[in-house]
Amino acid sequence: MSFEKEVKIALIKKDWSQARLAKEMGISPAYLGELLKGSRETPSRIDQIKEILKEELEEK
């Protein structure tokens with residue numbers, strides 16, 4: 001499963017939108033979309049997503 005799909009599933013579990021995640025991260029929703037699609041590769045931001053959604057990403 002792609003990272004983007006994993007994050008989208010985690011957001012559903014958390015009842016958050018991508019906009020909410022972007023706000024929590026302090027970035028724009030457009031930038032988050034680029035991170036999820038892989039067109040922007042910023043390891044620190046990917047790690048930040050994993051940390052924020054840690055519990056939801058671990059549930060499979």
# chains A, B, ... in the order shown; residues from 1 in each chain; ligands from 1
$ residues_around --residues "range 8-19 of chain A" --least-positions-apart "4" --cutoff "9 Å" --atoms "only C-alpha atoms" --output "ChimeraX atom specification"
/A:3-4,23-24,28-30,32-33,53-59
$ select_by_dssp --residues "chain A" --states "helix (DSSP H, G or I)" --output "short mmCIF file (atom, residue, chain, number, x, y, z; two decimals) with all heavy atoms, in the first residue's frame"
data_model
loop_
_atom_site.label_atom_id
_atom_site.label_comp_id
_atom_site.auth_asym_id
_atom_site.auth_seq_id
_atom_site.Cartn_x
_atom_site.Cartn_y
_atom_site.Cartn_z
N PHE A 3 2.17 5.09 0.68
CA PHE A 3 2.17 5.95 1.87
C PHE A 3 0.95 6.86 1.86
O PHE A 3 0.31 7.07 2.90
CB PHE A 3 3.47 6.76 1.93
CG PHE A 3 3.57 7.64 3.15
CD1 PHE A 3 3.63 7.10 4.42
CD2 PHE A 3 3.59 9.02 3.02
CE1 PHE A 3 3.72 7.90 5.54
CE2 PHE A 3 3.69 9.83 4.13
CZ PHE A 3 3.75 9.26 5.39
N GLU A 4 0.59 7.37 0.69
CA GLU A 4 -0.57 8.26 0.58
C GLU A 4 -1.84 7.55 1.05
O GLU A 4 -2.63 8.10 1.83
CB GLU A 4 -0.73 8.72 -0.87
CG GLU A 4 -1.92 9.64 -1.07
CD GLU A 4 -2.08 10.10 -2.52
OE1 GLU A 4 -1.51 9.50 -3.43
OE2 GLU A 4 -2.82 11.09 -2.71
N LYS A 5 -2.04 6.30 0.61
CA LYS A 5 -3.23 5.55 1.03
C LYS A 5 -3.21 5.26 2.52
O LYS A 5 -4.23 5.34 3.19
CB LYS A 5 -3.36 4.26 0.23
CG LYS A 5 -3.82 4.49 -1.18
CD LYS A 5 -4.13 3.20 -1.88
CE LYS A 5 -4.51 3.53 -3.31
NZ LYS A 5 -5.50 2.65 -3.85
N GLU A 6 -2.04 4.91 3.04
CA GLU A 6 -1.92 4.65 4.47
C GLU A 6 -2.30 5.89 5.28
O GLU A 6 -3.00 5.78 6.29
CB GLU A 6 -0.50 4.23 4.83
CG GLU A 6 -0.14 2.83 4.39
CD GLU A 6 1.25 2.43 4.84
OE1 GLU A 6 1.59 2.65 6.02
OE2 GLU A 6 2.00 1.90 4.01
N VAL A 7 -1.83 7.04 4.85
CA VAL A 7 -2.14 8.28 5.55
C VAL A 7 -3.63 8.59 5.45
O VAL A 7 -4.26 8.97 6.44
CB VAL A 7 -1.29 9.46 5.01
CG1 VAL A 7 -1.79 10.79 5.54
CG2 VAL A 7 0.17 9.25 5.39
N LYS A 8 -4.22 8.40 4.28
CA LYS A 8 -5.65 8.68 4.12
C LYS A 8 -6.49 7.78 5.03
O LYS A 8 -7.46 8.24 5.63
CB LYS A 8 -6.07 8.53 2.65
CG LYS A 8 -5.56 9.69 1.82
CD LYS A 8 -6.03 9.61 0.39
CE LYS A 8 -5.53 10.83 -0.37
NZ LYS A 8 -6.03 10.86 -1.74
N ILE A 9 -6.12 6.52 5.15
CA ILE A 9 -6.83 5.61 6.05
C ILE A 9 -6.65 6.05 7.50
O ILE A 9 -7.60 6.05 8.29
CB ILE A 9 -6.35 4.16 5.83
CG1 ILE A 9 -6.83 3.66 4.47
CG2 ILE A 9 -6.83 3.24 6.96
CD1 ILE A 9 -6.20 2.36 4.02
N ALA A 10 -5.43 6.45 7.86
CA ALA A 10 -5.16 6.93 9.22
C ALA A 10 -5.97 8.18 9.53
O ALA A 10 -6.49 8.33 10.63
CB ALA A 10 -3.67 7.21 9.39
N LEU A 11 -6.11 9.06 8.55
CA LEU A 11 -6.91 10.28 8.75
C LEU A 11 -8.38 9.94 8.97
O LEU A 11 -9.04 10.56 9.81
CB LEU A 11 -6.76 11.22 7.55
CG LEU A 11 -5.40 11.91 7.42
CD1 LEU A 11 -5.31 12.65 6.10
CD2 LEU A 11 -5.13 12.84 8.58
N ILE A 12 -8.88 8.95 8.26
CA ILE A 12 -10.27 8.52 8.46
C ILE A 12 -10.45 7.98 9.88
O ILE A 12 -11.41 8.32 10.56
CB ILE A 12 -10.67 7.47 7.40
CG1 ILE A 12 -10.78 8.13 6.02
CG2 ILE A 12 -11.98 6.78 7.77
CD1 ILE A 12 -10.87 7.16 4.86
N LYS A 13 -9.50 7.16 10.32
CA LYS A 13 -9.56 6.60 11.69
C LYS A 13 -9.55 7.70 12.74
O LYS A 13 -10.20 7.59 13.77
CB LYS A 13 -8.38 5.66 11.94
CG LYS A 13 -8.46 4.37 11.17
CD LYS A 13 -7.22 3.53 11.44
CE LYS A 13 -7.21 2.26 10.64
NZ LYS A 13 -5.97 1.49 10.83
N LYS A 14 -8.80 8.77 12.46
CA LYS A 14 -8.67 9.87 13.41
C LYS A 14 -9.79 10.90 13.23
O LYS A 14 -9.92 11.81 14.04
CB LYS A 14 -7.30 10.53 13.20
CG LYS A 14 -6.80 11.33 14.35
CD LYS A 14 -5.32 11.65 14.14
CE LYS A 14 -4.75 12.45 15.28
NZ LYS A 14 -4.42 11.66 16.44
N GLN A 18 -7.29 16.17 5.40
CA GLN A 18 -5.92 16.51 5.05
C GLN A 18 -5.62 17.94 5.47
O GLN A 18 -4.51 18.25 5.90
CB GLN A 18 -5.67 16.33 3.56
CG GLN A 18 -5.53 14.89 3.16
CD GLN A 18 -5.11 14.73 1.70
OE1 GLN A 18 -4.45 15.60 1.13
NE2 GLN A 18 -5.49 13.62 1.11
N ALA A 19 -6.63 18.80 5.38
CA ALA A 19 -6.44 20.20 5.79
C ALA A 19 -6.11 20.29 7.27
O ALA A 19 -5.26 21.08 7.68
CB ALA A 19 -7.68 21.02 5.46
N ARG A 20 -6.75 19.47 8.08
CA ARG A 20 -6.48 19.46 9.52
C ARG A 20 -5.05 18.99 9.80
O ARG A 20 -4.34 19.56 10.62
CB ARG A 20 -7.50 18.56 10.24
CG ARG A 20 -7.18 18.24 11.69
CD ARG A 20 -7.56 19.34 12.64
NE ARG A 20 -7.11 19.09 13.99
CZ ARG A 20 -7.80 18.45 14.94
NH1 ARG A 20 -9.02 18.01 14.67
NH2 ARG A 20 -7.30 18.28 16.13
N LEU A 21 -4.63 17.94 9.10
CA LEU A 21 -3.27 17.45 9.27
C LEU A 21 -2.27 18.53 8.86
O LEU A 21 -1.29 18.78 9.57
CB LEU A 21 -3.04 16.18 8.44
CG LEU A 21 -1.61 15.61 8.47
CD1 LEU A 21 -1.15 15.30 9.89
CD2 LEU A 21 -1.52 14.37 7.59
N ALA A 22 -2.52 19.19 7.73
CA ALA A 22 -1.64 20.26 7.28
C ALA A 22 -1.55 21.36 8.32
O ALA A 22 -0.46 21.87 8.62
CB ALA A 22 -2.12 20.82 5.94
N LYS A 23 -2.69 21.72 8.91
CA LYS A 23 -2.71 22.77 9.94
C LYS A 23 -1.89 22.34 11.16
O LYS A 23 -1.12 23.13 11.71
CB LYS A 23 -4.15 23.08 10.34
CG LYS A 23 -4.27 24.21 11.32
CD LYS A 23 -5.73 24.55 11.61
CE LYS A 23 -5.79 25.74 12.54
NZ LYS A 23 -7.16 26.16 12.78
N GLU A 24 -2.05 21.09 11.58
CA GLU A 24 -1.28 20.57 12.72
C GLU A 24 0.22 20.61 12.44
O GLU A 24 1.02 20.80 13.35
CB GLU A 24 -1.71 19.14 13.05
CG GLU A 24 -3.11 19.00 13.58
CD GLU A 24 -3.28 19.55 14.98
OE1 GLU A 24 -2.37 19.41 15.81
OE2 GLU A 24 -4.35 20.12 15.25
N MET A 25 0.59 20.43 11.18
CA MET A 25 1.99 20.42 10.78
C MET A 25 2.53 21.82 10.51
O MET A 25 3.75 22.00 10.40
CB MET A 25 2.18 19.57 9.52
CG MET A 25 1.88 18.10 9.71
SD MET A 25 2.03 17.18 8.16
CE MET A 25 3.79 17.31 7.85
N PRO A 29 -2.17 22.87 2.80
CA PRO A 29 -2.74 21.62 2.29
C PRO A 29 -2.12 21.21 0.95
O PRO A 29 -1.94 20.02 0.69
CB PRO A 29 -4.23 21.93 2.14
CG PRO A 29 -4.48 23.00 3.16
CD PRO A 29 -3.23 23.84 3.14
N ALA A 30 -1.77 22.18 0.12
CA ALA A 30 -1.15 21.87 -1.17
C ALA A 30 0.21 21.20 -0.98
O ALA A 30 0.54 20.22 -1.66
CB ALA A 30 -1.01 23.14 -2.00
N TYR A 31 0.99 21.72 -0.04
CA TYR A 31 2.30 21.13 0.25
C TYR A 31 2.13 19.72 0.80
O TYR A 31 2.86 18.80 0.41
CB TYR A 31 3.08 22.03 1.22
CG TYR A 31 4.45 21.54 1.58
CD1 TYR A 31 5.33 21.09 0.62
CD2 TYR A 31 4.88 21.55 2.90
CE1 TYR A 31 6.61 20.66 0.96
CE2 TYR A 31 6.15 21.11 3.25
CZ TYR A 31 7.00 20.67 2.26
OH TYR A 31 8.26 20.24 2.62
N LEU A 32 1.16 19.51 1.67
CA LEU A 32 0.89 18.18 2.20
C LEU A 32 0.55 17.23 1.05
O LEU A 32 1.03 16.10 1.00
CB LEU A 32 -0.24 18.20 3.23
CG LEU A 32 -0.66 16.84 3.77
CD1 LEU A 32 0.49 16.11 4.45
CD2 LEU A 32 -1.84 16.98 4.71
N GLY A 33 -0.29 17.69 0.13
CA GLY A 33 -0.66 16.86 -1.01
C GLY A 33 0.56 16.44 -1.82
O GLY A 33 0.67 15.28 -2.26
N GLU A 34 1.49 17.35 -2.00
CA GLU A 34 2.72 17.04 -2.73
C GLU A 34 3.57 16.02 -1.98
O GLU A 34 4.16 15.12 -2.58
CB GLU A 34 3.53 18.31 -2.99
CG GLU A 34 2.87 19.25 -3.97
CD GLU A 34 3.58 20.59 -4.09
OE1 GLU A 34 4.56 20.86 -3.34
OE2 GLU A 34 3.15 21.39 -4.93
N LEU A 35 3.62 16.14 -0.66
CA LEU A 35 4.35 15.17 0.15
C LEU A 35 3.74 13.78 0.02
O LEU A 35 4.45 12.78 -0.14
CB LEU A 35 4.34 15.58 1.63
CG LEU A 35 5.21 16.77 2.03
CD1 LEU A 35 4.86 17.20 3.45
CD2 LEU A 35 6.68 16.44 1.92
N LEU A 36 2.41 13.71 0.08
CA LEU A 36 1.73 12.43 0.02
C LEU A 36 1.86 11.77 -1.35
O LEU A 36 1.96 10.55 -1.46
CB LEU A 36 0.25 12.58 0.39
CG LEU A 36 -0.02 13.02 1.83
CD1 LEU A 36 -1.51 13.15 2.07
CD2 LEU A 36 0.60 12.04 2.83
N LYS A 37 1.85 12.57 -2.40
CA LYS A 37 1.98 12.04 -3.75
C LYS A 37 3.42 11.69 -4.11
O LYS A 37 3.67 11.01 -5.09
CB LYS A 37 1.41 13.03 -4.76
CG LYS A 37 -0.10 13.11 -4.71
CD LYS A 37 -0.62 14.05 -5.76
CE LYS A 37 -2.11 14.24 -5.78
NZ LYS A 37 -2.92 13.67 -4.78
N PRO A 43 12.23 14.32 4.07
CA PRO A 43 12.18 13.29 5.12
C PRO A 43 11.70 13.78 6.48
O PRO A 43 10.96 13.07 7.17
CB PRO A 43 13.64 12.80 5.20
CG PRO A 43 14.18 13.06 3.82
CD PRO A 43 13.51 14.35 3.39
N SER A 44 12.06 15.01 6.85
CA SER A 44 11.62 15.50 8.16
C SER A 44 10.11 15.68 8.21
O SER A 44 9.48 15.43 9.25
CB SER A 44 12.33 16.81 8.51
OG SER A 44 12.00 17.83 7.58
N ARG A 45 9.51 16.08 7.11
CA ARG A 45 8.04 16.23 7.06
C ARG A 45 7.35 14.87 7.04
O ARG A 45 6.31 14.69 7.67
CB ARG A 45 7.62 17.06 5.85
CG ARG A 45 7.99 18.52 5.94
CD ARG A 45 7.26 19.20 7.08
NE ARG A 45 7.46 20.65 7.03
CZ ARG A 45 7.01 21.48 7.92
NH1 ARG A 45 6.34 21.05 8.97
NH2 ARG A 45 7.23 22.77 7.80
N ILE A 46 7.93 13.92 6.33
CA ILE A 46 7.37 12.56 6.32
C ILE A 46 7.42 11.99 7.73
O ILE A 46 6.45 11.38 8.21
CB ILE A 46 8.14 11.65 5.33
CG1 ILE A 46 8.06 12.19 3.89
CG2 ILE A 46 7.64 10.21 5.41
CD1 ILE A 46 6.68 12.28 3.29
N ASP A 47 8.53 12.20 8.42
CA ASP A 47 8.65 11.75 9.81
C ASP A 47 7.62 12.44 10.70
O ASP A 47 7.06 11.82 11.61
CB ASP A 47 10.05 12.00 10.35
CG ASP A 47 11.10 11.09 9.72
OD1 ASP A 47 10.73 10.07 9.11
OD2 ASP A 47 12.30 11.41 9.85
N GLN A 48 7.35 13.71 10.43
CA GLN A 48 6.36 14.46 11.20
C GLN A 48 4.97 13.85 11.00
O GLN A 48 4.21 13.69 11.96
CB GLN A 48 6.38 15.93 10.80
CG GLN A 48 5.50 16.81 11.65
CD GLN A 48 5.53 18.26 11.22
OE1 GLN A 48 5.99 18.61 10.13
NE2 GLN A 48 5.02 19.13 12.07
N ILE A 49 4.63 13.50 9.78
CA ILE A 49 3.34 12.86 9.49
C ILE A 49 3.25 11.56 10.26
O ILE A 49 2.24 11.27 10.92
CB ILE A 49 3.17 12.60 7.98
CG1 ILE A 49 3.04 13.93 7.22
CG2 ILE A 49 1.96 11.71 7.72
CD1 ILE A 49 3.14 13.79 5.71
N LYS A 50 4.32 10.76 10.19
CA LYS A 50 4.32 9.46 10.89
C LYS A 50 4.17 9.63 12.39
O LYS A 50 3.50 8.83 13.04
CB LYS A 50 5.61 8.70 10.57
CG LYS A 50 5.66 8.20 9.14
CD LYS A 50 6.99 7.52 8.85
CE LYS A 50 7.06 7.00 7.44
NZ LYS A 50 8.37 6.40 7.13
N GLU A 51 4.78 10.66 12.95
CA GLU A 51 4.68 10.90 14.39
C GLU A 51 3.26 11.33 14.78
O GLU A 51 2.70 10.83 15.76
CB GLU A 51 5.69 11.95 14.83
CG GLU A 51 5.72 12.20 16.32
CD GLU A 51 6.08 10.98 17.15
OE1 GLU A 51 6.87 10.13 16.71
OE2 GLU A 51 5.55 10.87 18.28
N ILE A 52 2.67 12.22 14.01
CA ILE A 52 1.32 12.71 14.32
C ILE A 52 0.29 11.59 14.20
O ILE A 52 -0.63 11.49 15.01
CB ILE A 52 0.95 13.90 13.41
CG1 ILE A 52 1.80 15.12 13.76
CG2 ILE A 52 -0.54 14.23 13.52
CD1 ILE A 52 1.69 16.27 12.78
N LYS A 54 0.94 8.29 14.33
CA LYS A 54 1.62 7.08 14.77
C LYS A 54 0.65 5.95 15.14
O LYS A 54 0.75 4.86 14.62
CB LYS A 54 2.50 7.43 15.97
CG LYS A 54 3.34 6.31 16.49
CD LYS A 54 4.22 6.84 17.60
CE LYS A 54 4.97 5.75 18.30
NZ LYS A 54 5.82 6.27 19.36
N GLU A 55 -0.28 6.23 16.03
CA GLU A 55 -1.20 5.18 16.49
C GLU A 55 -2.07 4.66 15.36
O GLU A 55 -2.27 3.45 15.23
CB GLU A 55 -2.08 5.72 17.62
CG GLU A 55 -1.32 5.98 18.89
CD GLU A 55 -2.21 6.56 19.98
OE1 GLU A 55 -3.43 6.36 19.92
OE2 GLU A 55 -1.66 7.20 20.88
N GLU A 56 -2.58 5.57 14.53
CA GLU A 56 -3.46 5.15 13.45
C GLU A 56 -2.70 4.39 12.35
O GLU A 56 -3.26 3.47 11.74
CB GLU A 56 -4.17 6.37 12.84
CG GLU A 56 -5.19 7.01 13.74
CD GLU A 56 -4.60 7.86 14.87
OE1 GLU A 56 -3.41 8.25 14.80
OE2 GLU A 56 -5.33 8.13 15.83
N LEU A 57 -1.44 4.75 12.10
CA LEU A 57 -0.65 4.06 11.10
C LEU A 57 -0.25 2.67 11.58
O LEU A 57 -0.08 1.76 10.78
CB LEU A 57 0.59 4.86 10.72
CG LEU A 57 0.35 6.11 9.88
CD1 LEU A 57 1.63 6.92 9.77
CD2 LEU A 57 -0.18 5.76 8.51
N GLU A 58 -0.10 2.49 12.89
CA GLU A 58 0.30 1.20 13.44
C GLU A 58 -0.87 0.20 13.42
O GLU A 58 -0.63 -1.00 13.35
CB GLU A 58 0.83 1.36 14.86
CG GLU A 58 2.18 2.04 14.89
CD GLU A 58 2.68 2.31 16.30
OE1 GLU A 58 1.94 2.10 17.27
OE2 GLU A 58 3.83 2.76 16.41
#
$ decode --residues "range 23-35 of chain A" --atoms "all heavy atoms" --output "PDB file, in the first residue's frame"
ATOM      1  N   LYS A  23      -2.690  21.722   8.912  1.00  0.00           N
ATOM      2  CA  LYS A  23      -2.705  22.770   9.943  1.00  0.00           C
ATOM      3  C   LYS A  23      -1.894  22.341  11.160  1.00  0.00           C
ATOM      4  O   LYS A  23      -1.122  23.130  11.706  1.00  0.00           O
ATOM      5  CB  LYS A  23      -4.147  23.078  10.337  1.00  0.00           C
ATOM      6  CG  LYS A  23      -4.274  24.212  11.316  1.00  0.00           C
ATOM      7  CD  LYS A  23      -5.727  24.552  11.605  1.00  0.00           C
ATOM      8  CE  LYS A  23      -5.792  25.736  12.544  1.00  0.00           C
ATOM      9  NZ  LYS A  23      -7.164  26.162  12.783  1.00  0.00           N
ATOM     10  N   GLU A  24      -2.045  21.093  11.578  1.00  0.00           N
ATOM     11  CA  GLU A  24      -1.280  20.575  12.721  1.00  0.00           C
ATOM     12  C   GLU A  24       0.217  20.612  12.442  1.00  0.00           C
ATOM     13  O   GLU A  24       1.024  20.799  13.350  1.00  0.00           O
ATOM     14  CB  GLU A  24      -1.706  19.140  13.045  1.00  0.00           C
ATOM     15  CG  GLU A  24      -3.108  19.002  13.583  1.00  0.00           C
ATOM     16  CD  GLU A  24      -3.284  19.547  14.981  1.00  0.00           C
ATOM     17  OE1 GLU A  24      -2.366  19.412  15.813  1.00  0.00           O
ATOM     18  OE2 GLU A  24      -4.352  20.119  15.250  1.00  0.00           O
ATOM     19  N   MET A  25       0.586  20.427  11.175  1.00  0.00           N
ATOM     20  CA  MET A  25       1.992  20.417  10.778  1.00  0.00           C
ATOM     21  C   MET A  25       2.535  21.818  10.514  1.00  0.00           C
ATOM     22  O   MET A  25       3.746  22.000  10.402  1.00  0.00           O
ATOM     23  CB  MET A  25       2.177  19.570   9.515  1.00  0.00           C
ATOM     24  CG  MET A  25       1.881  18.099   9.706  1.00  0.00           C
ATOM     25  SD  MET A  25       2.027  17.182   8.158  1.00  0.00           S
ATOM     26  CE  MET A  25       3.793  17.313   7.847  1.00  0.00           C
ATOM     27  N   GLY A  26       1.640  22.790  10.357  1.00  0.00           N
ATOM     28  CA  GLY A  26       2.078  24.150  10.060  1.00  0.00           C
ATOM     29  C   GLY A  26       2.461  24.353   8.608  1.00  0.00           C
ATOM     30  O   GLY A  26       3.325  25.172   8.301  1.00  0.00           O
ATOM     31  N   ILE A  27       1.830  23.568   7.722  1.00  0.00           N
ATOM     32  CA  ILE A  27       2.107  23.679   6.288  1.00  0.00           C
ATOM     33  C   ILE A  27       0.792  23.854   5.537  1.00  0.00           C
ATOM     34  O   ILE A  27      -0.292  23.660   6.099  1.00  0.00           O
ATOM     35  CB  ILE A  27       2.871  22.443   5.751  1.00  0.00           C
ATOM     36  CG1 ILE A  27       2.044  21.164   5.934  1.00  0.00           C
ATOM     37  CG2 ILE A  27       4.239  22.319   6.423  1.00  0.00           C
ATOM     38  CD1 ILE A  27       2.660  19.921   5.308  1.00  0.00           C
ATOM     39  N   SER A  28       0.878  24.170   4.261  1.00  0.00           N
ATOM     40  CA  SER A  28      -0.336  24.336   3.460  1.00  0.00           C
ATOM     41  C   SER A  28      -0.868  22.964   3.033  1.00  0.00           C
ATOM     42  O   SER A  28      -0.095  22.003   2.887  1.00  0.00           O
ATOM     43  CB  SER A  28      -0.048  25.166   2.210  1.00  0.00           C
ATOM     44  OG  SER A  28       0.715  24.422   1.290  1.00  0.00           O
ATOM     45  N   PRO A  29      -2.175  22.874   2.804  1.00  0.00           N
ATOM     46  CA  PRO A  29      -2.739  21.616   2.291  1.00  0.00           C
ATOM     47  C   PRO A  29      -2.118  21.208   0.948  1.00  0.00           C
ATOM     48  O   PRO A  29      -1.935  20.020   0.689  1.00  0.00           O
ATOM     49  CB  PRO A  29      -4.228  21.929   2.142  1.00  0.00           C
ATOM     50  CG  PRO A  29      -4.481  23.002   3.157  1.00  0.00           C
ATOM     51  CD  PRO A  29      -3.226  23.842   3.144  1.00  0.00           C
ATOM     52  N   ALA A  30      -1.774  22.181   0.122  1.00  0.00           N
ATOM     53  CA  ALA A  30      -1.151  21.873  -1.172  1.00  0.00           C
ATOM     54  C   ALA A  30       0.209  21.197  -0.977  1.00  0.00           C
ATOM     55  O   ALA A  30       0.537  20.221  -1.665  1.00  0.00           O
ATOM     56  CB  ALA A  30      -1.008  23.144  -2.001  1.00  0.00           C
ATOM     57  N   TYR A  31       0.992  21.721  -0.036  1.00  0.00           N
ATOM     58  CA  TYR A  31       2.299  21.132   0.249  1.00  0.00           C
ATOM     59  C   TYR A  31       2.135  19.718   0.800  1.00  0.00           C
ATOM     60  O   TYR A  31       2.863  18.798   0.409  1.00  0.00           O
ATOM     61  CB  TYR A  31       3.076  22.031   1.217  1.00  0.00           C
ATOM     62  CG  TYR A  31       4.449  21.542   1.583  1.00  0.00           C
ATOM     63  CD1 TYR A  31       5.334  21.090   0.620  1.00  0.00           C
ATOM     64  CD2 TYR A  31       4.879  21.548   2.902  1.00  0.00           C
ATOM     65  CE1 TYR A  31       6.611  20.655   0.959  1.00  0.00           C
ATOM     66  CE2 TYR A  31       6.149  21.113   3.247  1.00  0.00           C
ATOM     67  CZ  TYR A  31       7.004  20.667   2.265  1.00  0.00           C
ATOM     68  OH  TYR A  31       8.260  20.235   2.615  1.00  0.00           O
ATOM     69  N   LEU A  32       1.156  19.515   1.669  1.00  0.00           N
ATOM     70  CA  LEU A  32       0.890  18.178   2.196  1.00  0.00           C
ATOM     71  C   LEU A  32       0.548  17.231   1.054  1.00  0.00           C
ATOM     72  O   LEU A  32       1.032  16.104   1.002  1.00  0.00           O
ATOM     73  CB  LEU A  32      -0.240  18.203   3.230  1.00  0.00           C
ATOM     74  CG  LEU A  32      -0.661  16.835   3.771  1.00  0.00           C
ATOM     75  CD1 LEU A  32       0.489  16.115   4.450  1.00  0.00           C
ATOM     76  CD2 LEU A  32      -1.841  16.982   4.713  1.00  0.00           C
ATOM     77  N   GLY A  33      -0.294  17.689   0.135  1.00  0.00           N
ATOM     78  CA  GLY A  33      -0.661  16.855  -1.011  1.00  0.00           C
ATOM     79  C   GLY A  33       0.559  16.438  -1.820  1.00  0.00           C
ATOM     80  O   GLY A  33       0.668  15.282  -2.256  1.00  0.00           O
ATOM     81  N   GLU A  34       1.489  17.349  -2.003  1.00  0.00           N
ATOM     82  CA  GLU A  34       2.724  17.036  -2.735  1.00  0.00           C
ATOM     83  C   GLU A  34       3.567  16.016  -1.978  1.00  0.00           C
ATOM     84  O   GLU A  34       4.157  15.122  -2.576  1.00  0.00           O
ATOM     85  CB  GLU A  34       3.531  18.308  -2.985  1.00  0.00           C
ATOM     86  CG  GLU A  34       2.866  19.255  -3.968  1.00  0.00           C
ATOM     87  CD  GLU A  34       3.579  20.593  -4.092  1.00  0.00           C
ATOM     88  OE1 GLU A  34       4.557  20.855  -3.344  1.00  0.00           O
ATOM     89  OE2 GLU A  34       3.147  21.395  -4.932  1.00  0.00           O
ATOM     90  N   LEU A  35       3.615  16.144  -0.662  1.00  0.00           N
ATOM     91  CA  LEU A  35       4.349  15.170   0.151  1.00  0.00           C
ATOM     92  C   LEU A  35       3.737  13.780   0.018  1.00  0.00           C
ATOM     93  O   LEU A  35       4.447  12.781  -0.139  1.00  0.00           O
ATOM     94  CB  LEU A  35       4.344  15.584   1.631  1.00  0.00           C
ATOM     95  CG  LEU A  35       5.206  16.772   2.032  1.00  0.00           C
ATOM     96  CD1 LEU A  35       4.865  17.203   3.451  1.00  0.00           C
ATOM     97  CD2 LEU A  35       6.680  16.437   1.916  1.00  0.00           C
TER      98      LEU A  35
END
